[in-house]
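J.: Okay, so here is run_12.cif, and as you'll see once you scroll down, it has mmCIF, C-alpha atoms.
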```
data_run
#
loop_
_atom_site.group_PDB
_atom_site.id
_atom_site.type_symbol
_atom_site.label_atom_id
_atom_site.label_comp_id
_atom_site.auth_asym_id
_atom_site.auth_seq_id
_atom_site.Cartn_x
_atom_site.Cartn_y
_atom_site.Cartn_z
ATOM 1 C CA HIS A 1 31.868 -32.027 24.673
ATOM 2 C CA LEU A 2 35.017 -31.547 26.722
ATOM 3 C CA LEU A 3 35.037 -35.203 27.775
ATOM 4 C CA LEU A 4 34.783 -36.286 24.127
ATOM 5 C CA LEU A 5 37.684 -34.010 23.166
ATOM 6 C CA GLU A 6 39.751 -35.383 26.063
ATOM 7 C CA THR A 7 38.918 -38.947 25.040
ATOM 8 C CA ILE A 8 40.017 -38.303 21.449
ATOM 9 C CA TYR A 9 43.261 -36.787 22.684
ATOM 10 C CA ASP A 10 43.960 -39.491 25.283
ATOM 11 C CA ASN A 11 43.320 -42.362 22.860
ATOM 12 C CA LEU A 12 44.467 -40.984 19.525
ATOM 13 C CA GLY A 13 46.795 -38.102 20.325
ATOM 14 C CA ILE A 14 44.625 -35.716 18.292
ATOM 15 C CA ASP A 15 44.198 -32.320 19.928
ATOM 16 C CA VAL A 16 40.848 -31.089 18.587
ATOM 17 C CA LYS A 17 40.638 -27.339 19.156
ATOM 18 C CA LYS A 18 37.393 -26.469 17.356
ATOM 19 C CA TYR A 19 34.254 -28.548 16.998
ATOM 20 C CA ILE A 20 30.701 -28.538 15.732
ATOM 21 C CA ALA A 21 28.230 -30.999 17.259
ATOM 22 C CA ILE A 22 24.583 -31.815 16.635
ATOM 23 C CA ASP A 23 22.071 -33.999 18.429
ATOM 24 C CA PHE A 24 19.566 -36.472 16.990
ATOM 25 C CA TYR A 25 16.835 -33.863 16.541
ATOM 26 C CA SER A 26 19.198 -31.455 14.797
ATOM 27 C CA PHE A 27 20.317 -34.277 12.508
ATOM 28 C CA ILE A 28 16.690 -34.911 11.545
ATOM 29 C CA LYS A 29 16.116 -31.206 10.804
ATOM 30 C CA ILE A 30 19.271 -30.965 8.695
ATOM 31 C CA VAL A 31 18.409 -33.990 6.534
ATOM 32 C CA ASP A 32 14.854 -32.686 6.121
ATOM 33 C CA ALA A 33 16.223 -29.243 5.184
ATOM 34 C CA ILE A 34 18.039 -30.803 2.210
ATOM 35 C CA ASN A 35 14.862 -32.699 1.241
ATOM 36 C CA GLY A 36 16.153 -36.082 2.326
ATOM 37 C CA ILE A 37 18.935 -38.317 1.091
ATOM 38 C CA THR A 38 19.047 -41.401 -1.084
ATOM 39 C CA ILE A 39 19.883 -44.641 0.733
ATOM 40 C CA ASP A 40 19.711 -48.258 -0.409
ATOM 41 C CA ILE A 41 17.973 -50.136 2.399
ATOM 42 C CA ASP A 42 18.280 -53.917 2.474
ATOM 43 C CA GLN A 43 15.244 -56.055 3.336
ATOM 44 C CA THR A 44 17.074 -57.368 6.417
ATOM 45 C CA GLU A 45 17.499 -53.803 7.744
ATOM 46 C CA ILE A 46 13.854 -52.690 7.634
ATOM 47 C CA ALA A 47 12.648 -54.098 10.987
ATOM 48 C CA ALA A 48 15.658 -52.769 12.926
ATOM 49 C CA CYS A 49 15.421 -49.396 11.189
ATOM 50 C CA ASN A 50 11.714 -49.162 11.978
ATOM 51 C CA ALA A 51 12.338 -50.068 15.632
ATOM 52 C CA CYS A 52 14.723 -47.089 15.859
ATOM 53 C CA ILE A 53 12.173 -44.835 14.129
ATOM 54 C CA GLN A 54 9.416 -45.997 16.500
ATOM 55 C CA GLU A 55 11.640 -45.190 19.479
ATOM 56 C CA LEU A 56 12.194 -41.675 18.093
ATOM 57 C CA ASN A 57 8.448 -41.298 17.493
ATOM 58 C CA ILE A 58 7.685 -42.195 21.098
ATOM 59 C CA LEU A 59 10.331 -39.765 22.366
ATOM 60 C CA ASP A 60 9.075 -36.861 20.270
ATOM 61 C CA GLY A 61 5.370 -37.586 20.851
ATOM 62 C CA SER A 62 4.604 -38.601 17.260
ATOM 63 C CA ASN A 63 2.417 -41.492 16.226
ATOM 64 C CA GLU A 64 4.518 -44.606 16.895
ATOM 65 C CA ASN A 65 4.157 -45.776 13.276
ATOM 66 C CA ASP A 66 4.925 -42.422 11.625
ATOM 67 C CA SER A 67 7.636 -42.413 8.908
ATOM 68 C CA LEU A 68 8.309 -46.153 8.936
ATOM 69 C CA ILE A 69 10.271 -47.716 6.055
ATOM 70 C CA GLU A 70 7.841 -49.751 3.974
ATOM 71 C CA SER A 71 10.072 -51.418 1.410
ATOM 72 C CA SER A 72 13.667 -52.240 0.617
ATOM 73 C CA GLY A 73 15.746 -50.735 -2.153
ATOM 74 C CA GLU A 74 17.135 -47.352 -3.054
ATOM 75 C CA GLN A 75 14.876 -44.576 -1.797
ATOM 76 C CA VAL A 76 14.844 -41.002 -0.585
ATOM 77 C CA VAL A 77 14.543 -41.032 3.200
ATOM 78 C CA THR A 78 13.561 -38.313 5.639
ATOM 79 C CA GLY A 79 15.714 -37.160 8.516
ATOM 80 C CA LYS A 80 14.003 -39.505 10.965
ATOM 81 C CA GLN A 81 14.406 -42.449 8.590
ATOM 82 C CA ALA A 82 18.076 -41.603 7.955
ATOM 83 C CA LEU A 83 18.689 -41.467 11.701
ATOM 84 C CA GLY A 84 16.875 -44.785 12.214
ATOM 85 C CA TYR A 85 19.007 -46.354 9.482
ATOM 86 C CA SER A 86 22.195 -44.909 11.024
ATOM 87 C CA ARG A 87 21.400 -46.408 14.416
ATOM 88 C CA ILE A 88 20.891 -50.027 13.278
ATOM 89 C CA ARG A 89 23.280 -52.108 15.336
ATOM 90 C CA MET A 90 22.071 -55.705 15.365
ATOM 91 C CA ILE A 91 22.122 -56.468 11.641
ATOM 92 C CA GLY A 92 25.232 -57.853 9.947
ATOM 93 C CA ASN A 93 28.582 -57.336 11.652
ATOM 94 C CA ALA A 94 27.162 -55.282 14.546
ATOM 95 C CA ASP A 95 28.976 -52.025 15.234
ATOM 96 C CA TYR A 96 31.262 -52.314 12.191
ATOM 97 C CA GLU A 97 28.248 -52.206 9.874
ATOM 98 C CA ARG A 98 26.573 -49.521 11.998
ATOM 99 C CA THR A 99 29.555 -47.213 11.522
ATOM 100 C CA SER A 100 29.546 -48.124 7.831
ATOM 101 C CA ARG A 101 25.880 -47.051 7.630
ATOM 102 C CA GLN A 102 26.717 -43.838 9.472
ATOM 103 C CA ARG A 103 29.493 -43.064 6.986
ATOM 104 C CA GLU A 104 27.109 -43.892 4.121
ATOM 105 C CA VAL A 105 24.543 -41.431 5.497
ATOM 106 C CA LEU A 106 27.117 -38.682 6.092
ATOM 107 C CA THR A 107 28.483 -39.178 2.572
ATOM 108 C CA ALA A 108 24.956 -38.901 1.138
ATOM 109 C CA ILE A 109 24.392 -35.676 3.110
ATOM 110 C CA ILE A 110 27.678 -34.184 1.914
ATOM 111 C CA ASN A 111 27.008 -35.235 -1.690
ATOM 112 C CA LYS A 112 23.576 -33.616 -1.534
ATOM 113 C CA ILE A 113 25.016 -30.398 -0.104
ATOM 114 C CA GLN A 114 27.724 -30.405 -2.773
ATOM 115 C CA SER A 115 25.020 -30.399 -5.443
ATOM 116 C CA MET A 116 23.317 -27.280 -4.027
ATOM 117 C CA ASN A 117 23.571 -23.853 -5.591
ATOM 118 C CA ILE A 118 24.515 -20.714 -3.635
ATOM 119 C CA TYR A 119 20.896 -19.824 -2.839
ATOM 120 C CA GLU A 120 20.130 -23.300 -1.522
ATOM 121 C CA LEU A 121 23.337 -23.227 0.538
ATOM 122 C CA ALA A 122 22.409 -19.855 2.063
ATOM 123 C CA LYS A 123 18.983 -21.213 2.994
ATOM 124 C CA LEU A 124 20.599 -24.297 4.509
ATOM 125 C CA VAL A 125 23.003 -22.231 6.622
ATOM 126 C CA LYS A 126 19.987 -20.487 8.191
ATOM 127 C CA VAL A 127 18.635 -23.902 9.205
ATOM 128 C CA LEU A 128 22.022 -25.263 10.342
ATOM 129 C CA LEU A 129 23.244 -22.466 12.588
ATOM 130 C CA PRO A 130 20.572 -22.713 15.288
ATOM 131 C CA GLU A 131 20.968 -26.505 15.332
ATOM 132 C CA ILE A 132 24.672 -26.739 16.133
ATOM 133 C CA THR A 133 26.683 -26.620 19.321
ATOM 134 C CA THR A 134 30.161 -25.251 18.721
ATOM 135 C CA ASN A 135 33.099 -23.444 20.218
ATOM 136 C CA LEU A 136 33.660 -21.585 16.941
ATOM 137 C CA SER A 137 33.430 -17.815 17.151
ATOM 138 C CA LYS A 138 31.078 -15.819 14.915
ATOM 139 C CA ASN A 139 34.114 -14.793 12.859
ATOM 140 C CA ASP A 140 35.144 -18.458 12.479
ATOM 141 C CA ILE A 141 31.646 -19.315 11.252
ATOM 142 C CA ILE A 142 31.589 -16.392 8.825
ATOM 143 C CA SER A 143 34.965 -17.520 7.456
ATOM 144 C CA LEU A 144 33.655 -21.047 6.995
ATOM 145 C CA THR A 145 30.472 -19.912 5.250
ATOM 146 C CA SER A 146 32.577 -17.899 2.829
ATOM 147 C CA LEU A 147 34.127 -21.229 1.781
ATOM 148 C CA ALA A 148 30.710 -22.698 0.946
ATOM 149 C CA LEU A 149 31.236 -22.358 -2.796
ATOM 150 C CA ASP A 150 34.376 -24.471 -2.516
ATOM 151 C CA ILE A 151 32.458 -27.393 -0.965
ATOM 152 C CA LYS A 152 31.935 -28.924 -4.399
ATOM 153 C CA ALA A 153 35.699 -29.552 -4.643
ATOM 154 C CA TYR A 154 36.009 -31.351 -1.291
ATOM 155 C CA LYS A 155 36.934 -35.006 -1.604
ATOM 156 C CA ILE A 156 35.445 -37.308 0.991
ATOM 157 C CA ILE A 157 37.992 -39.572 2.638
ATOM 158 C CA GLN A 158 36.816 -41.982 5.278
ATOM 159 C CA ASN A 159 38.211 -44.568 7.611
ATOM 160 C CA ARG A 160 37.419 -46.046 10.965
ATOM 161 C CA ILE A 161 39.133 -46.928 14.191
ATOM 162 C CA PRO A 162 39.859 -49.718 14.808
ATOM 163 C CA ILE A 163 41.249 -50.005 11.280
ATOM 164 C CA GLU A 164 40.038 -52.702 8.905
ATOM 165 C CA GLY A 165 41.087 -56.139 10.130
ATOM 166 C CA GLU A 166 41.431 -55.211 13.798
ATOM 167 C CA ASN A 167 39.130 -56.509 16.471
ATOM 168 C CA VAL A 168 37.408 -53.779 18.496
ATOM 169 C CA HIS A 169 38.562 -55.516 21.688
ATOM 170 C CA ILE A 170 42.193 -55.868 20.557
ATOM 171 C CA THR A 171 43.163 -52.535 19.054
ATOM 172 C CA ASP A 172 46.666 -51.368 18.161
ATOM 173 C CA PHE A 173 46.268 -47.648 18.916
ATOM 174 C CA THR A 174 49.844 -46.913 17.802
ATOM 175 C CA LEU A 175 49.071 -48.328 14.344
ATOM 176 C CA ASP A 176 45.665 -46.598 14.296
ATOM 177 C CA ILE A 177 47.187 -43.227 15.200
ATOM 178 C CA ARG A 178 49.896 -43.589 12.570
ATOM 179 C CA GLN A 179 47.386 -44.554 9.848
ATOM 180 C CA PHE A 180 45.019 -41.751 10.880
ATOM 181 C CA ASN A 181 47.812 -39.178 10.666
ATOM 182 C CA GLU A 182 48.869 -40.517 7.258
ATOM 183 C CA LEU A 183 45.279 -40.312 6.005
ATOM 184 C CA VAL A 184 44.436 -36.873 7.382
ATOM 185 C CA TYR A 185 47.755 -35.077 7.519
ATOM 186 C CA GLY A 186 49.839 -37.019 4.983
ATOM 187 C CA LYS A 187 52.525 -37.796 7.587
#
```
Could you write out this file's structure as structure tokens?

T.:
Amino acid sequence: HLLLLETIYDNLGIDVKKYIAIDFYSFIKIVDAINGITIDIDQTEIAACNACIQELNILDGSNENDSLIESSGEQVVTGKQALGYSRIRMIGNADYERTSRQREVLTAIINKIQSMNIYELAKLVKVLLPEITTNLSKNDIISLTSLALDIKAYKIIQNRIPIEGENVHITDFTLDIRQFNELVYGK
């Protein structure tokens, strides 16, 4: 995680002090712990999504055809399906649409968590804690969990780098850094 933090600092000038990270398997467990999320899957995305799911199935020793997406449209997906959907890269505008799908999935997860009551949140925290890698102290985590009731008031703001209109190969990092700071810090 140190290399990632250095990369963020070197490219964007953002000095991340504290982090929480999860891997693919933790992501699956978290989405399953909230009983899935609702995603609208386009017909053109099914084959690529299923290829990602099949790869995960092979890696975790499941039946290769377990949990495949069978139809398009809005549907509640499992953790494995949500991860497969998030990893689609070759449909549409390549990586731009992949990051859009990832933001869509994260927004759906946050929206689902925001709809939970205190008992459901407490149950979720028990699932989440063993699944994360972090440099937060126990006291930091306790402080954050005490804010759980306030999660309903959080407004989701999203963006991407490179910013809309830029080409990934020709990026104006000065502009990106300025827009990021305006978005996140209001300056």

J.: Could you check how far atom CA of Ala48 of chain A sits from atom CA of Ile110 of chain A, in Å to one decimal?

T.: 24.7 Å

J.: Smallest atom-to-atom distance to Gly84 of chain A: which of A:Val127, A:Ile113, A:Ile28, A:Leu106, using only C-alpha atoms?

T.: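 Comparing A:Val127, A:Ile113, A:Ile28, A:Leu106 against Gly84 of chain A, the winner is A:Ile28.
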
J.: Looking at A:Glu182, A:Val125, A:Glu55, A:Asp176, which one is nearest to Leu144 of chain A, with distances taken over only C-alpha atoms?

T.: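 Closest to Leu144 of chain A, using only C-alpha atoms: A:Val125.
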
J.: To verify the selection step, state as a ChimeraX atom specification which residues the PyMOL selection byres ((chain A and resi 111) around 10) yields on this input.

T.: /A:37,105-110,112-116,151-152,154-156

J.: Could those selected residues go to a file with C-alpha atoms, as a PDB file, keeping the file's coordinate frame?

T.:
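Resulting contents of result07.pdb:
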```
ATOM      1  CA  ILE A  37      18.935 -38.317   1.091  1.00  0.00           C
ATOM      2  CA  VAL A 105      24.543 -41.431   5.497  1.00  0.00           C
ATOM      3  CA  LEU A 106      27.117 -38.682   6.092  1.00  0.00           C
ATOM      4  CA  THR A 107      28.483 -39.178   2.572  1.00  0.00           C
ATOM      5  CA  ALA A 108      24.956 -38.901   1.138  1.00  0.00           C
ATOM      6  CA  ILE A 109      24.392 -35.676   3.110  1.00  0.00           C
ATOM      7  CA  ILE A 110      27.678 -34.184   1.914  1.00  0.00           C
ATOM      8  CA  LYS A 112      23.576 -33.616  -1.534  1.00  0.00           C
ATOM      9  CA  ILE A 113      25.016 -30.398  -0.104  1.00  0.00           C
ATOM     10  CA  GLN A 114      27.724 -30.405  -2.773  1.00  0.00           C
ATOM     11  CA  SER A 115      25.020 -30.399  -5.443  1.00  0.00           C
ATOM     12  CA  MET A 116      23.317 -27.280  -4.027  1.00  0.00           C
ATOM     13  CA  ILE A 151      32.458 -27.393  -0.965  1.00  0.00           C
ATOM     14  CA  LYS A 152      31.935 -28.924  -4.399  1.00  0.00           C
ATOM     15  CA  TYR A 154      36.009 -31.351  -1.291  1.00  0.00           C
ATOM     16  CA  LYS A 155      36.934 -35.006  -1.604  1.00  0.00           C
ATOM     17  CA  ILE A 156      35.445 -37.308   0.991  1.00  0.00           C
TER      18      ILE A 156
END
```

J.: Pick out the closest residue to Asn11 of chain A from this set: A:Tyr25, A:Phe173, A:Tyr119, A:Tyr85. Count only C-alpha atoms.

T.: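 Of A:Tyr25, A:Phe173, A:Tyr119, A:Tyr85, the one nearest Asn11 of chain A is A:Phe173, counting only C-alpha atoms.
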
J.: I'd like the contact shell of Ile53 of chain A - 7 Å cut-off, only C-alpha atoms, skipping same-chain residues fewer than 5 positions apart - returned as a short mmCIF file (atom, residue, chain, number, x, y, z; two decimals) with C-alpha atoms, keeping the file's coordinate frame.

T.:
```cif
data_model
loop_
_atom_site.label_atom_id
_atom_site.label_comp_id
_atom_site.auth_asym_id
_atom_site.auth_seq_id
_atom_site.Cartn_x
_atom_site.Cartn_y
_atom_site.Cartn_z
CA LEU A 68 8.31 -46.15 8.94
CA LYS A 80 14.00 -39.51 10.96
CA GLN A 81 14.41 -42.45 8.59
CA GLY A 84 16.88 -44.78 12.21
#
```

J.: Would you give the centre and edge lengths, in Å to one decimal, of a box along x, y and z around the listed atoms of segment 121-132 of chain A, with 3 Å added to each side, as AutoDock Vina command-line options?

T.:
```
--center_x 21.7 --center_y -23.3 --center_z 8.3 --size_x 12.0 --size_y 12.9 --size_z 21.6
```

J.: Run through the PyMOL selection byres ((chain A and resi 74) around 10) on the given coordinates and return the selected residues as a ChimeraX atom specification.

T.: /A:38-42,71-73,75-77

J.: List the neighbours of Leu12 of chain A out to 10 Å using only C-alpha atoms; skip same-chain residues closer than 6 positions along the sequence, and give me the result as a PDB file with C-alpha atoms, keeping the file's coordinate frame.

T.:
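Wrote part12.pdb, looks like this:
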```pdb
ATOM      1  CA  GLU A   6      39.751 -35.383  26.063  1.00  0.00           C
ATOM      2  CA  ILE A 161      39.133 -46.928  14.191  1.00  0.00           C
ATOM      3  CA  PHE A 173      46.268 -47.648  18.916  1.00  0.00           C
ATOM      4  CA  THR A 174      49.844 -46.913  17.802  1.00  0.00           C
ATOM      5  CA  ASP A 176      45.665 -46.598  14.296  1.00  0.00           C
ATOM      6  CA  ILE A 177      47.187 -43.227  15.200  1.00  0.00           C
ATOM      7  CA  ARG A 178      49.896 -43.589  12.570  1.00  0.00           C
ATOM      8  CA  PHE A 180      45.019 -41.751  10.880  1.00  0.00           C
ATOM      9  CA  ASN A 181      47.812 -39.178  10.666  1.00  0.00           C
TER      10      ASN A 181
END
```

J.: Which is closer to Tyr185 of chain A than all the others in A:Asp23, A:Ile157, A:Thr171, A:Arg98, using all atoms listed in the file?

T.: A:Ile157

J.: By how many Å are atom CA of Arg101 of chain A and atom CA of Glu45 of chain A apart?

T.: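 Those two atoms sit 10.8 Å apart.
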
J.: What is the atom CA of Ser137 of chain A to atom CA of Phe27 of chain A distance in Å?

T.: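 About the pair atom CA of Ser137 of chain A and atom CA of Phe27 of chain A: they are 21.6 Å apart.
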
J.: Kindly reconstruct segment 132-157 of chain A with N, CA, C and O atoms and present the result as a PDB file, keeping the file's coordinate frame.

T.:
```pdb
ATOM      1  N   ILE A 132      23.351 -26.233  15.762  1.00  0.00           N
ATOM      2  CA  ILE A 132      24.672 -26.739  16.133  1.00  0.00           C
ATOM      3  C   ILE A 132      25.118 -26.234  17.496  1.00  0.00           C
ATOM      4  O   ILE A 132      24.691 -25.187  17.955  1.00  0.00           O
ATOM      5  N   THR A 133      25.964 -27.027  18.120  1.00  0.00           N
ATOM      6  CA  THR A 133      26.683 -26.620  19.321  1.00  0.00           C
ATOM      7  C   THR A 133      28.137 -26.527  18.887  1.00  0.00           C
ATOM      8  O   THR A 133      28.660 -27.457  18.260  1.00  0.00           O
ATOM      9  N   THR A 134      28.797 -25.437  19.194  1.00  0.00           N
ATOM     10  CA  THR A 134      30.161 -25.251  18.721  1.00  0.00           C
ATOM     11  C   THR A 134      30.944 -24.335  19.650  1.00  0.00           C
ATOM     12  O   THR A 134      30.351 -23.571  20.422  1.00  0.00           O
ATOM     13  N   ASN A 135      32.248 -24.407  19.543  1.00  0.00           N
ATOM     14  CA  ASN A 135      33.099 -23.444  20.218  1.00  0.00           C
ATOM     15  C   ASN A 135      33.728 -22.485  19.204  1.00  0.00           C
ATOM     16  O   ASN A 135      34.631 -21.732  19.532  1.00  0.00           O
ATOM     17  N   LEU A 136      33.219 -22.523  17.962  1.00  0.00           N
ATOM     18  CA  LEU A 136      33.660 -21.585  16.941  1.00  0.00           C
ATOM     19  C   LEU A 136      33.107 -20.190  17.245  1.00  0.00           C
ATOM     20  O   LEU A 136      31.953 -20.064  17.673  1.00  0.00           O
ATOM     21  N   SER A 137      33.898 -19.196  16.985  1.00  0.00           N
ATOM     22  CA  SER A 137      33.430 -17.815  17.151  1.00  0.00           C
ATOM     23  C   SER A 137      32.569 -17.426  15.947  1.00  0.00           C
ATOM     24  O   SER A 137      32.554 -18.126  14.924  1.00  0.00           O
ATOM     25  N   LYS A 138      31.869 -16.318  16.057  1.00  0.00           N
ATOM     26  CA  LYS A 138      31.078 -15.819  14.915  1.00  0.00           C
ATOM     27  C   LYS A 138      31.981 -15.573  13.714  1.00  0.00           C
ATOM     28  O   LYS A 138      31.611 -15.863  12.580  1.00  0.00           O
ATOM     29  N   ASN A 139      33.174 -15.036  13.955  1.00  0.00           N
ATOM     30  CA  ASN A 139      34.114 -14.793  12.859  1.00  0.00           C
ATOM     31  C   ASN A 139      34.561 -16.101  12.208  1.00  0.00           C
ATOM     32  O   ASN A 139      34.710 -16.168  10.987  1.00  0.00           O
ATOM     33  N   ASP A 140      34.786 -17.145  13.029  1.00  0.00           N
ATOM     34  CA  ASP A 140      35.144 -18.458  12.479  1.00  0.00           C
ATOM     35  C   ASP A 140      34.025 -18.963  11.567  1.00  0.00           C
ATOM     36  O   ASP A 140      34.280 -19.472  10.471  1.00  0.00           O
ATOM     37  N   ILE A 141      32.793 -18.828  12.024  1.00  0.00           N
ATOM     38  CA  ILE A 141      31.646 -19.315  11.252  1.00  0.00           C
ATOM     39  C   ILE A 141      31.500 -18.522   9.963  1.00  0.00           C
ATOM     40  O   ILE A 141      31.263 -19.102   8.891  1.00  0.00           O
ATOM     41  N   ILE A 142      31.668 -17.219  10.035  1.00  0.00           N
ATOM     42  CA  ILE A 142      31.589 -16.392   8.825  1.00  0.00           C
ATOM     43  C   ILE A 142      32.671 -16.808   7.839  1.00  0.00           C
ATOM     44  O   ILE A 142      32.416 -16.928   6.633  1.00  0.00           O
ATOM     45  N   SER A 143      33.876 -17.064   8.333  1.00  0.00           N
ATOM     46  CA  SER A 143      34.965 -17.520   7.456  1.00  0.00           C
ATOM     47  C   SER A 143      34.614 -18.849   6.793  1.00  0.00           C
ATOM     48  O   SER A 143      34.888 -19.043   5.612  1.00  0.00           O
ATOM     49  N   LEU A 144      34.031 -19.755   7.559  1.00  0.00           N
ATOM     50  CA  LEU A 144      33.655 -21.047   6.995  1.00  0.00           C
ATOM     51  C   LEU A 144      32.548 -20.919   5.958  1.00  0.00           C
ATOM     52  O   LEU A 144      32.580 -21.592   4.924  1.00  0.00           O
ATOM     53  N   THR A 145      31.560 -20.063   6.221  1.00  0.00           N
ATOM     54  CA  THR A 145      30.472 -19.912   5.250  1.00  0.00           C
ATOM     55  C   THR A 145      30.978 -19.290   3.955  1.00  0.00           C
ATOM     56  O   THR A 145      30.429 -19.558   2.891  1.00  0.00           O
ATOM     57  N   SER A 146      32.030 -18.485   4.053  1.00  0.00           N
ATOM     58  CA  SER A 146      32.577 -17.899   2.829  1.00  0.00           C
ATOM     59  C   SER A 146      33.239 -18.961   1.951  1.00  0.00           C
ATOM     60  O   SER A 146      33.444 -18.760   0.763  1.00  0.00           O
ATOM     61  N   LEU A 147      33.537 -20.126   2.538  1.00  0.00           N
ATOM     62  CA  LEU A 147      34.127 -21.229   1.781  1.00  0.00           C
ATOM     63  C   LEU A 147      33.064 -22.138   1.168  1.00  0.00           C
ATOM     64  O   LEU A 147      33.402 -23.119   0.509  1.00  0.00           O
ATOM     65  N   ALA A 148      31.805 -21.820   1.374  1.00  0.00           N
ATOM     66  CA  ALA A 148      30.710 -22.698   0.946  1.00  0.00           C
ATOM     67  C   ALA A 148      30.767 -23.031  -0.538  1.00  0.00           C
ATOM     68  O   ALA A 148      30.456 -24.157  -0.939  1.00  0.00           O
ATOM     69  N   LEU A 149      31.171 -22.083  -1.359  1.00  0.00           N
ATOM     70  CA  LEU A 149      31.236 -22.358  -2.796  1.00  0.00           C
ATOM     71  C   LEU A 149      32.304 -23.399  -3.130  1.00  0.00           C
ATOM     72  O   LEU A 149      32.216 -24.080  -4.146  1.00  0.00           O
ATOM     73  N   ASP A 150      33.298 -23.506  -2.283  1.00  0.00           N
ATOM     74  CA  ASP A 150      34.376 -24.471  -2.516  1.00  0.00           C
ATOM     75  C   ASP A 150      33.992 -25.889  -2.110  1.00  0.00           C
ATOM     76  O   ASP A 150      34.746 -26.828  -2.384  1.00  0.00           O
ATOM     77  N   ILE A 151      32.843 -26.073  -1.478  1.00  0.00           N
ATOM     78  CA  ILE A 151      32.458 -27.393  -0.965  1.00  0.00           C
ATOM     79  C   ILE A 151      32.364 -28.431  -2.078  1.00  0.00           C
ATOM     80  O   ILE A 151      32.598 -29.601  -1.851  1.00  0.00           O
ATOM     81  N   LYS A 152      32.059 -27.995  -3.286  1.00  0.00           N
ATOM     82  CA  LYS A 152      31.935 -28.924  -4.399  1.00  0.00           C
ATOM     83  C   LYS A 152      33.261 -29.623  -4.709  1.00  0.00           C
ATOM     84  O   LYS A 152      33.283 -30.723  -5.240  1.00  0.00           O
ATOM     85  N   ALA A 153      34.376 -28.993  -4.342  1.00  0.00           N
ATOM     86  CA  ALA A 153      35.699 -29.552  -4.643  1.00  0.00           C
ATOM     87  C   ALA A 153      36.212 -30.472  -3.530  1.00  0.00           C
ATOM     88  O   ALA A 153      37.223 -31.140  -3.721  1.00  0.00           O
ATOM     89  N   TYR A 154      35.535 -30.520  -2.399  1.00  0.00           N
ATOM     90  CA  TYR A 154      36.009 -31.351  -1.291  1.00  0.00           C
ATOM     91  C   TYR A 154      35.880 -32.826  -1.640  1.00  0.00           C
ATOM     92  O   TYR A 154      34.845 -33.284  -2.117  1.00  0.00           O
ATOM     93  N   LYS A 155      36.938 -33.567  -1.387  1.00  0.00           N
ATOM     94  CA  LYS A 155      36.934 -35.006  -1.604  1.00  0.00           C
ATOM     95  C   LYS A 155      36.682 -35.674  -0.257  1.00  0.00           C
ATOM     96  O   LYS A 155      37.331 -35.346   0.733  1.00  0.00           O
ATOM     97  N   ILE A 156      35.762 -36.594  -0.239  1.00  0.00           N
ATOM     98  CA  ILE A 156      35.445 -37.308   0.991  1.00  0.00           C
ATOM     99  C   ILE A 156      36.416 -38.472   1.155  1.00  0.00           C
ATOM    100  O   ILE A 156      36.550 -39.312   0.273  1.00  0.00           O
ATOM    101  N   ILE A 157      37.096 -38.471   2.284  1.00  0.00           N
ATOM    102  CA  ILE A 157      37.992 -39.572   2.638  1.00  0.00           C
ATOM    103  C   ILE A 157      37.484 -40.113   3.968  1.00  0.00           C
ATOM    104  O   ILE A 157      37.223 -39.351   4.883  1.00  0.00           O
TER     105      ILE A 157
END
```
